[in-house]
Amino acid sequence: MRVVVVGATGQFGRAMVAACREASWQVLPLGHEAVEVADRASVAGALEAPYDVVVNATVWHGPAQEDPVMALRVNALGARVVADHAASRGATCVTVSTDYVFDGDATCPYDETVTPAPRSVYGISKATGEALVRASTADHLIVRVASLFDIGGSRAKGGTSFVATMLANARAGKPLRVVNDQVHSPSYAPDAAATTVALLRRGARGIAHVTNAGWCSWFEMAAAVFEEAGIGADLAPSSLKDLPAGGPPRPRYSVLAHGALRRHGVPSPRPWREAIRDYLTREAQR
Ligand SMILES: NC(=O)c1ccc[n+]([C@@H]2O[C@H](COP(=O)([O-])OP(=O)(O)OC[C@H]3O[C@@H](n4cnc5c(N)ncnc54)[C@H](OP(=O)(O)O)[C@@H]3O)[C@@H](O)[C@H]2O)c1
């Protein structure tokens, strides 16, 4: 299998490159300096060599609500440009998406069949990207991840993740107030990437939710990080209504059901707490 990873310097991209190498697949990692996803000529130039799968793990870095045009350009148009290139080569396009495509009003996990109803500009741009990929002629797999975390963090978030931020703040003795009324299923990037490889091996197409098993609030996730790390923290629960106004609306509930994984016979990634343990073990070994 010859795989191109676009957005290869990012949190998911790095894990995807590692997972492809683990699978002994040939992988071409492309960072932003090598390709601009919203530019057809740039994509055509960077993806010149033959490939079987292109993984688009890019995301626009800025606050989407402040620049909807750029968010749509990269997250929506860029998704379609990469898909069109894959179609022109008879290759498969994997587009990485998000739980933010949902409204957050559900009270039970969102299945892949639920129609997106995003509430934020970021969610709208990603849902539009999904729709443009689905409307393309490309053979495609849309992998929705949520609350992604890994060592090195997200480039869009300045090289950090929730887990890293919590650990740094606790070690600095800062008081931590973390929302307890936003419930999600986190995705540990190495697990999400390995599961994406497993889905590709099974020939999965369409949409697949790829989050670690189980769910938690951000407060519960922070508490688990400190318990697993064995460090004390001044941690207390807070509410979404206490957050400063002006930020993008967040889905209150965005637990993703694993219907596609079940259908394709691919095991759900390990429970999120075990993934945190793995993160801490790897971090300690660095
Ligand atoms: N992080 C999360 O919590 C989270 C949650 C749910 C879903 N997701 C989704 O997961 C995917 C990966 O997120 P991530 O956290 O891994 O992102 P990330 O760490 O910010 O990485 C994004 C990658 O895309 C590149 N990039 C950005 N704009 C580009 C453009 N216009 N053309 C080409 N490359 C570009 C970046 O390069 P430079 O840094 O050099 O610009 C970087 O390599 C995205 O689809 C995102 O929507 C993320």
# chains A, B, ... in the order shown; residues from 1 in each chain; ligands from 1

$ residues_near_ligand --ligand "ligand 1" --cutoff "7 Å" --atoms "only C-alpha atoms and all ligand atoms" --output "PyMOL selection string"
chain A and resi 6-13+31-33+35-38+57-61+74+96-99+126+144-149+153-157

$ write_last_selection --atoms "N, CA and C atoms" --output "JSON list (two decimals), in the first residue's frame"
[["chain", "number", "residue", "atom", "x", "y", "z"],
["A", 6, "VAL", "N", -1.25, 13.95, 4.10],
["A", 6, "VAL", "CA", -1.22, 15.42, 3.98],
["A", 6, "VAL", "C", -1.58, 15.99, 5.36],
["A", 7, "GLY", "N", -0.77, 16.94, 5.84],
["A", 7, "GLY", "CA", -0.91, 17.39, 7.23],
["A", 7, "GLY", "C", -0.09, 16.49, 8.14],
["A", 8, "ALA", "N", 1.03, 16.01, 7.58],
["A", 8, "ALA", "CA", 1.82, 14.97, 8.27],
["A", 8, "ALA", "C", 2.56, 15.48, 9.49],
["A", 9, "THR", "N", 2.67, 16.80, 9.65],
["A", 9, "THR", "CA", 3.36, 17.31, 10.85],
["A", 9, "THR", "C", 2.37, 17.52, 11.99],
["A", 10, "GLY", "N", 1.09, 17.30, 11.74],
["A", 10, "GLY", "CA", 0.07, 17.53, 12.76],
["A", 10, "GLY", "C", -0.08, 16.33, 13.68],
["A", 11, "GLN", "N", -0.97, 16.50, 14.65],
["A", 11, "GLN", "CA", -1.15, 15.48, 15.69],
["A", 11, "GLN", "C", -1.64, 14.15, 15.10],
["A", 12, "PHE", "N", -2.68, 14.20, 14.29],
["A", 12, "PHE", "CA", -3.18, 12.97, 13.67],
["A", 12, "PHE", "C", -2.21, 12.51, 12.59],
["A", 13, "GLY", "N", -1.71, 13.46, 11.80],
["A", 13, "GLY", "CA", -0.82, 13.13, 10.69],
["A", 13, "GLY", "C", 0.41, 12.37, 11.16],
["A", 31, "GLY", "N", 4.08, 17.86, 4.74],
["A", 31, "GLY", "CA", 3.71, 18.97, 5.63],
["A", 31, "GLY", "C", 3.18, 20.14, 4.81],
["A", 32, "HIS", "N", 2.83, 21.20, 5.52],
["A", 32, "HIS", "CA", 2.24, 22.38, 4.86],
["A", 32, "HIS", "C", 3.22, 23.03, 3.89],
["A", 33, "GLU", "N", 4.53, 22.91, 4.20],
["A", 33, "GLU", "CA", 5.53, 23.52, 3.31],
["A", 33, "GLU", "C", 5.55, 22.82, 1.95],
["A", 35, "VAL", "N", 2.70, 21.23, 0.55],
["A", 35, "VAL", "CA", 1.41, 21.25, -0.15],
["A", 35, "VAL", "C", 0.41, 22.18, 0.53],
["A", 36, "GLU", "N", -0.35, 22.90, -0.31],
["A", 36, "GLU", "CA", -1.44, 23.75, 0.19],
["A", 36, "GLU", "C", -2.74, 23.09, -0.30],
["A", 37, "VAL", "N", -3.53, 22.57, 0.65],
["A", 37, "VAL", "CA", -4.67, 21.74, 0.23],
["A", 37, "VAL", "C", -5.74, 22.48, -0.57],
["A", 38, "ALA", "N", -5.85, 23.78, -0.35],
["A", 38, "ALA", "CA", -6.91, 24.51, -1.04],
["A", 38, "ALA", "C", -6.49, 24.94, -2.45],
["A", 57, "ALA", "N", -5.21, 15.04, 6.75],
["A", 57, "ALA", "CA", -5.30, 15.31, 8.20],
["A", 57, "ALA", "C", -5.04, 16.78, 8.48],
["A", 58, "THR", "N", -5.44, 17.64, 7.53],
["A", 58, "THR", "CA", -5.21, 19.08, 7.72],
["A", 58, "THR", "C", -6.38, 19.72, 8.45],
["A", 59, "VAL", "N", -6.11, 20.87, 9.01],
["A", 59, "VAL", "CA", -7.19, 21.70, 9.57],
["A", 59, "VAL", "C", -6.68, 23.13, 9.60],
["A", 60, "TRP", "N", -7.58, 24.06, 9.35],
["A", 60, "TRP", "CA", -7.15, 25.46, 9.40],
["A", 60, "TRP", "C", -6.85, 25.83, 10.84],
["A", 61, "HIS", "N", -5.75, 26.56, 11.05],
["A", 61, "HIS", "CA", -5.25, 26.84, 12.40],
["A", 61, "HIS", "C", -5.96, 27.96, 13.14],
["A", 74, "VAL", "N", -9.90, 26.00, 3.72],
["A", 74, "VAL", "CA", -9.02, 24.86, 4.05],
["A", 74, "VAL", "C", -9.84, 23.61, 4.41],
["A", 96, "VAL", "N", -10.11, 13.37, 7.56],
["A", 96, "VAL", "CA", -10.29, 13.34, 9.01],
["A", 96, "VAL", "C", -11.28, 14.45, 9.40],
["A", 97, "SER", "N", -12.30, 14.08, 10.18],
["A", 97, "SER", "CA", -13.30, 15.06, 10.57],
["A", 97, "SER", "C", -13.52, 15.01, 12.09],
["A", 98, "THR", "N", -14.63, 15.54, 12.54],
["A", 98, "THR", "CA", -14.76, 15.88, 13.96],
["A", 98, "THR", "C", -16.18, 15.66, 14.50],
["A", 99, "ASP", "N", -16.27, 15.52, 15.82],
["A", 99, "ASP", "CA", -17.57, 15.45, 16.49],
["A", 99, "ASP", "C", -18.29, 16.80, 16.46],
["A", 126, "LYS", "N", -16.20, 21.89, 8.65],
["A", 126, "LYS", "CA", -15.84, 20.46, 8.58],
["A", 126, "LYS", "C", -16.99, 19.65, 7.98],
["A", 144, "ARG", "N", -14.20, 10.28, 11.71],
["A", 144, "ARG", "CA", -14.47, 11.35, 12.69],
["A", 144, "ARG", "C", -13.78, 11.02, 14.01],
["A", 145, "VAL", "N", -12.93, 11.93, 14.44],
["A", 145, "VAL", "CA", -12.28, 11.79, 15.74],
["A", 145, "VAL", "C", -12.78, 12.92, 16.63],
["A", 146, "ALA", "N", -12.45, 12.85, 17.93],
["A", 146, "ALA", "CA", -12.93, 13.88, 18.86],
["A", 146, "ALA", "C", -11.88, 14.10, 19.94],
["A", 147, "SER", "N", -11.74, 15.34, 20.37],
["A", 147, "SER", "CA", -10.85, 15.67, 21.51],
["A", 147, "SER", "C", -9.54, 14.91, 21.40],
["A", 148, "LEU", "N", -8.91, 15.10, 20.25],
["A", 148, "LEU", "CA", -7.68, 14.37, 19.91],
["A", 148, "LEU", "C", -6.57, 14.73, 20.91],
["A", 149, "PHE", "N", -5.81, 13.73, 21.35],
["A", 149, "PHE", "CA", -4.65, 14.05, 22.18],
["A", 149, "PHE", "C", -3.50, 13.11, 21.88],
["A", 153, "GLY", "N", 1.03, 17.26, 20.88],
["A", 153, "GLY", "CA", -0.20, 18.03, 20.72],
["A", 153, "GLY", "C", -0.52, 18.46, 19.30],
["A", 154, "SER", "N", -1.53, 19.32, 19.24],
["A", 154, "SER", "CA", -2.06, 19.78, 17.97],
["A", 154, "SER", "C", -1.34, 21.06, 17.54],
["A", 155, "ARG", "N", -0.96, 21.12, 16.27],
["A", 155, "ARG", "CA", -0.32, 22.34, 15.74],
["A", 155, "ARG", "C", -1.30, 23.51, 15.83],
["A", 156, "ALA", "N", -2.58, 23.22, 15.55],
["A", 156, "ALA", "CA", -3.60, 24.27, 15.58],
["A", 156, "ALA", "C", -3.76, 24.85, 16.99],
["A", 157, "LYS", "N", -3.35, 24.08, 18.01],
["A", 157, "LYS", "CA", -3.49, 24.55, 19.39],
["A", 157, "LYS", "C", -2.11, 24.91, 19.97]]

$ residues_around --residues "A:Arg250" --least-positions-apart "4" --cutoff "9 Å" --atoms "only C-alpha atoms" --output "PyMOL selection string"
chain A and resi 100+103-104+119-120+182+240

$ write_last_selection --atoms "all heavy atoms" --output "PDB file, in the first residue's frame"
ATOM      1  N   TYR A 100     -17.577  17.888  16.129  1.00  0.00           N
ATOM      2  CA  TYR A 100     -18.212  19.208  16.068  1.00  0.00           C
ATOM      3  C   TYR A 100     -19.215  19.330  14.919  1.00  0.00           C
ATOM      4  O   TYR A 100     -19.871  20.351  14.779  1.00  0.00           O
ATOM      5  CB  TYR A 100     -17.148  20.308  15.954  1.00  0.00           C
ATOM      6  CG  TYR A 100     -16.662  20.812  17.299  1.00  0.00           C
ATOM      7  CD1 TYR A 100     -16.014  19.964  18.187  1.00  0.00           C
ATOM      8  CD2 TYR A 100     -16.851  22.131  17.696  1.00  0.00           C
ATOM      9  CE1 TYR A 100     -15.566  20.415  19.412  1.00  0.00           C
ATOM     10  CE2 TYR A 100     -16.409  22.587  18.927  1.00  0.00           C
ATOM     11  CZ  TYR A 100     -15.760  21.730  19.772  1.00  0.00           C
ATOM     12  OH  TYR A 100     -15.330  22.186  20.991  1.00  0.00           O
ATOM     13  N   ASP A 103     -24.820  18.676  16.730  1.00  0.00           N
ATOM     14  CA  ASP A 103     -25.325  19.814  17.509  1.00  0.00           C
ATOM     15  C   ASP A 103     -25.072  19.677  19.014  1.00  0.00           C
ATOM     16  O   ASP A 103     -25.081  20.667  19.735  1.00  0.00           O
ATOM     17  CB  ASP A 103     -26.821  20.036  17.236  1.00  0.00           C
ATOM     18  CG  ASP A 103     -27.657  18.777  17.477  1.00  0.00           C
ATOM     19  OD1 ASP A 103     -27.163  17.828  18.130  1.00  0.00           O
ATOM     20  OD2 ASP A 103     -28.812  18.748  16.999  1.00  0.00           O
ATOM     21  N   GLY A 104     -24.856  18.456  19.483  1.00  0.00           N
ATOM     22  CA  GLY A 104     -24.595  18.274  20.915  1.00  0.00           C
ATOM     23  C   GLY A 104     -25.850  18.157  21.748  1.00  0.00           C
ATOM     24  O   GLY A 104     -25.780  18.141  22.985  1.00  0.00           O
ATOM     25  N   ARG A 119     -23.060  23.619  15.026  1.00  0.00           N
ATOM     26  CA  ARG A 119     -23.465  24.891  15.636  1.00  0.00           C
ATOM     27  C   ARG A 119     -22.377  25.957  15.546  1.00  0.00           C
ATOM     28  O   ARG A 119     -22.631  27.118  15.848  1.00  0.00           O
ATOM     29  CB  ARG A 119     -23.764  24.643  17.129  1.00  0.00           C
ATOM     30  CG  ARG A 119     -25.009  23.798  17.385  1.00  0.00           C
ATOM     31  CD  ARG A 119     -26.157  24.692  17.859  1.00  0.00           C
ATOM     32  NE  ARG A 119     -27.423  23.979  17.900  1.00  0.00           N
ATOM     33  CZ  ARG A 119     -27.900  23.377  18.972  1.00  0.00           C
ATOM     34  NH1 ARG A 119     -27.199  23.364  20.090  1.00  0.00           N
ATOM     35  NH2 ARG A 119     -29.060  22.775  18.939  1.00  0.00           N
ATOM     36  N   SER A 120     -21.160  25.541  15.184  1.00  0.00           N
ATOM     37  CA  SER A 120     -20.052  26.507  15.145  1.00  0.00           C
ATOM     38  C   SER A 120     -19.552  26.645  13.705  1.00  0.00           C
ATOM     39  O   SER A 120     -19.789  25.767  12.868  1.00  0.00           O
ATOM     40  CB  SER A 120     -18.907  26.012  16.020  1.00  0.00           C
ATOM     41  OG  SER A 120     -18.425  24.779  15.527  1.00  0.00           O
ATOM     42  N   GLN A 182     -19.815  18.931  29.763  1.00  0.00           N
ATOM     43  CA  GLN A 182     -19.587  18.667  28.338  1.00  0.00           C
ATOM     44  C   GLN A 182     -18.999  17.269  28.243  1.00  0.00           C
ATOM     45  O   GLN A 182     -17.902  17.003  28.759  1.00  0.00           O
ATOM     46  CB  GLN A 182     -18.634  19.694  27.733  1.00  0.00           C
ATOM     47  CG  GLN A 182     -18.564  19.584  26.226  1.00  0.00           C
ATOM     48  CD  GLN A 182     -17.527  20.528  25.621  1.00  0.00           C
ATOM     49  OE1 GLN A 182     -16.716  21.133  26.322  1.00  0.00           O
ATOM     50  NE2 GLN A 182     -17.548  20.641  24.316  1.00  0.00           N
ATOM     51  N   LEU A 240     -20.126  24.889  31.594  1.00  0.00           N
ATOM     52  CA  LEU A 240     -19.979  25.604  30.319  1.00  0.00           C
ATOM     53  C   LEU A 240     -20.428  27.056  30.450  1.00  0.00           C
ATOM     54  O   LEU A 240     -19.867  27.949  29.823  1.00  0.00           O
ATOM     55  CB  LEU A 240     -20.818  24.921  29.241  1.00  0.00           C
ATOM     56  CG  LEU A 240     -20.239  23.669  28.572  1.00  0.00           C
ATOM     57  CD1 LEU A 240     -21.268  23.059  27.635  1.00  0.00           C
ATOM     58  CD2 LEU A 240     -18.956  23.985  27.809  1.00  0.00           C
TER      59      LEU A 240
END

$ closest_residue --among "A:Leu261, A:Leu176, A:Ala192, A:Leu280" --to "A:Glu227" --atoms "only C-alpha atoms"
A:Leu280

$ closest_residue --among "A:Pro29, A:Gly62, A:Gly214, A:Gly152" --to "A:Leu47" --atoms "only C-alpha atoms"
A:Pro29

$ select_by_dssp --residues "stretch 25-176 of chain A" --states "alpha helix (DSSP H)" --output "count of residues only"
49

$ residues_around --residues "A:Thr113" --least-positions-apart "4" --cutoff "12 Å" --atoms "only C-alpha atoms" --output "ChimeraX atom specification"
/A:102,109,206-209,256-260

$ closest_residue --among "A:His85, A:His184, A:Arg262, A:Lys241" --to "A:Ala46" --atoms "only C-alpha atoms"
A:His85

$ residues_around --residues "A:Glu48" --least-positions-apart "6" --cutoff "12 Å" --atoms "only C-alpha atoms" --output "tab-separated table (two decimals) with all heavy atoms, in the first residue's frame"
chain	number	residue	atom	x	y	z
A	4	VAL	N	-0.14	8.52	1.02
A	4	VAL	CA	0.34	9.90	1.19
A	4	VAL	C	-0.41	10.48	2.38
A	4	VAL	O	-1.64	10.36	2.46
A	4	VAL	CB	0.05	10.76	-0.07
A	4	VAL	CG1	0.60	12.17	0.13
A	4	VAL	CG2	0.65	10.12	-1.31
A	28	LEU	N	4.35	8.54	2.25
A	28	LEU	CA	4.94	9.83	1.88
A	28	LEU	C	4.32	10.90	2.77
A	28	LEU	O	3.15	11.25	2.59
A	28	LEU	CB	4.66	10.13	0.40
A	28	LEU	CG	5.08	11.51	-0.10
A	28	LEU	CD1	6.59	11.70	-0.03
A	28	LEU	CD2	4.58	11.74	-1.53
A	34	ALA	N	5.05	21.57	1.92
A	34	ALA	CA	5.10	20.79	0.67
A	34	ALA	C	3.79	20.89	-0.12
A	34	ALA	O	3.79	20.62	-1.34
A	34	ALA	CB	5.38	19.32	0.99
A	35	VAL	N	2.70	21.23	0.55
A	35	VAL	CA	1.41	21.25	-0.15
A	35	VAL	C	0.41	22.18	0.53
A	35	VAL	O	0.35	22.26	1.76
A	35	VAL	CB	0.81	19.81	-0.24
A	35	VAL	CG1	0.55	19.19	1.12
A	35	VAL	CG2	-0.45	19.77	-1.10
A	41	ALA	N	-3.32	23.30	-7.97
A	41	ALA	CA	-2.01	23.13	-8.61
A	41	ALA	C	-1.00	22.62	-7.59
A	41	ALA	O	-0.17	21.75	-7.90
A	41	ALA	CB	-1.55	24.47	-9.19
A	42	SER	N	-1.07	23.12	-6.37
A	42	SER	CA	-0.14	22.68	-5.33
A	42	SER	C	-0.36	21.20	-5.02
A	42	SER	O	0.59	20.42	-4.91
A	42	SER	CB	-0.35	23.54	-4.07
A	42	SER	OG	0.35	22.99	-2.99
A	54	VAL	N	-4.75	8.57	-0.01
A	54	VAL	CA	-4.27	9.85	0.52
A	54	VAL	C	-5.08	10.15	1.79
A	54	VAL	O	-6.31	10.03	1.80
A	54	VAL	CB	-4.36	11.01	-0.51
A	54	VAL	CG1	-5.76	11.23	-1.05
A	54	VAL	CG2	-3.82	12.30	0.11
A	85	HIS	N	-8.36	14.86	-6.35
A	85	HIS	CA	-7.09	14.32	-6.82
A	85	HIS	C	-7.09	12.80	-6.69
A	85	HIS	O	-6.68	12.08	-7.62
A	85	HIS	CB	-5.89	14.93	-6.08
A	85	HIS	CG	-4.61	14.65	-6.79
A	85	HIS	ND1	-3.88	13.49	-6.57
A	85	HIS	CD2	-3.95	15.35	-7.75
A	85	HIS	CE1	-2.82	13.51	-7.37
A	85	HIS	NE2	-2.84	14.61	-8.09
A	86	ALA	N	-7.58	12.32	-5.55
A	86	ALA	CA	-7.65	10.85	-5.35
A	86	ALA	C	-8.52	10.23	-6.44
A	86	ALA	O	-8.16	9.20	-7.03
A	86	ALA	CB	-8.21	10.54	-3.97
A	88	SER	N	-9.03	11.30	-9.43
A	88	SER	CA	-8.33	11.33	-10.73
A	88	SER	C	-7.30	10.22	-10.83
A	88	SER	O	-6.89	9.84	-11.92
A	88	SER	CB	-7.66	12.70	-10.95
A	88	SER	OG	-6.50	12.80	-10.13
A	89	ARG	N	-6.87	9.69	-9.68
A	89	ARG	CA	-5.87	8.61	-9.67
A	89	ARG	C	-6.49	7.24	-9.39
A	89	ARG	O	-5.77	6.26	-9.23
A	89	ARG	CB	-4.82	8.89	-8.59
A	89	ARG	CG	-3.98	10.11	-8.85
A	89	ARG	CD	-3.15	9.90	-10.13
A	89	ARG	NE	-2.29	11.04	-10.37
A	89	ARG	CZ	-1.07	11.17	-9.88
A	89	ARG	NH1	-0.57	10.23	-9.12
A	89	ARG	NH2	-0.35	12.24	-10.16
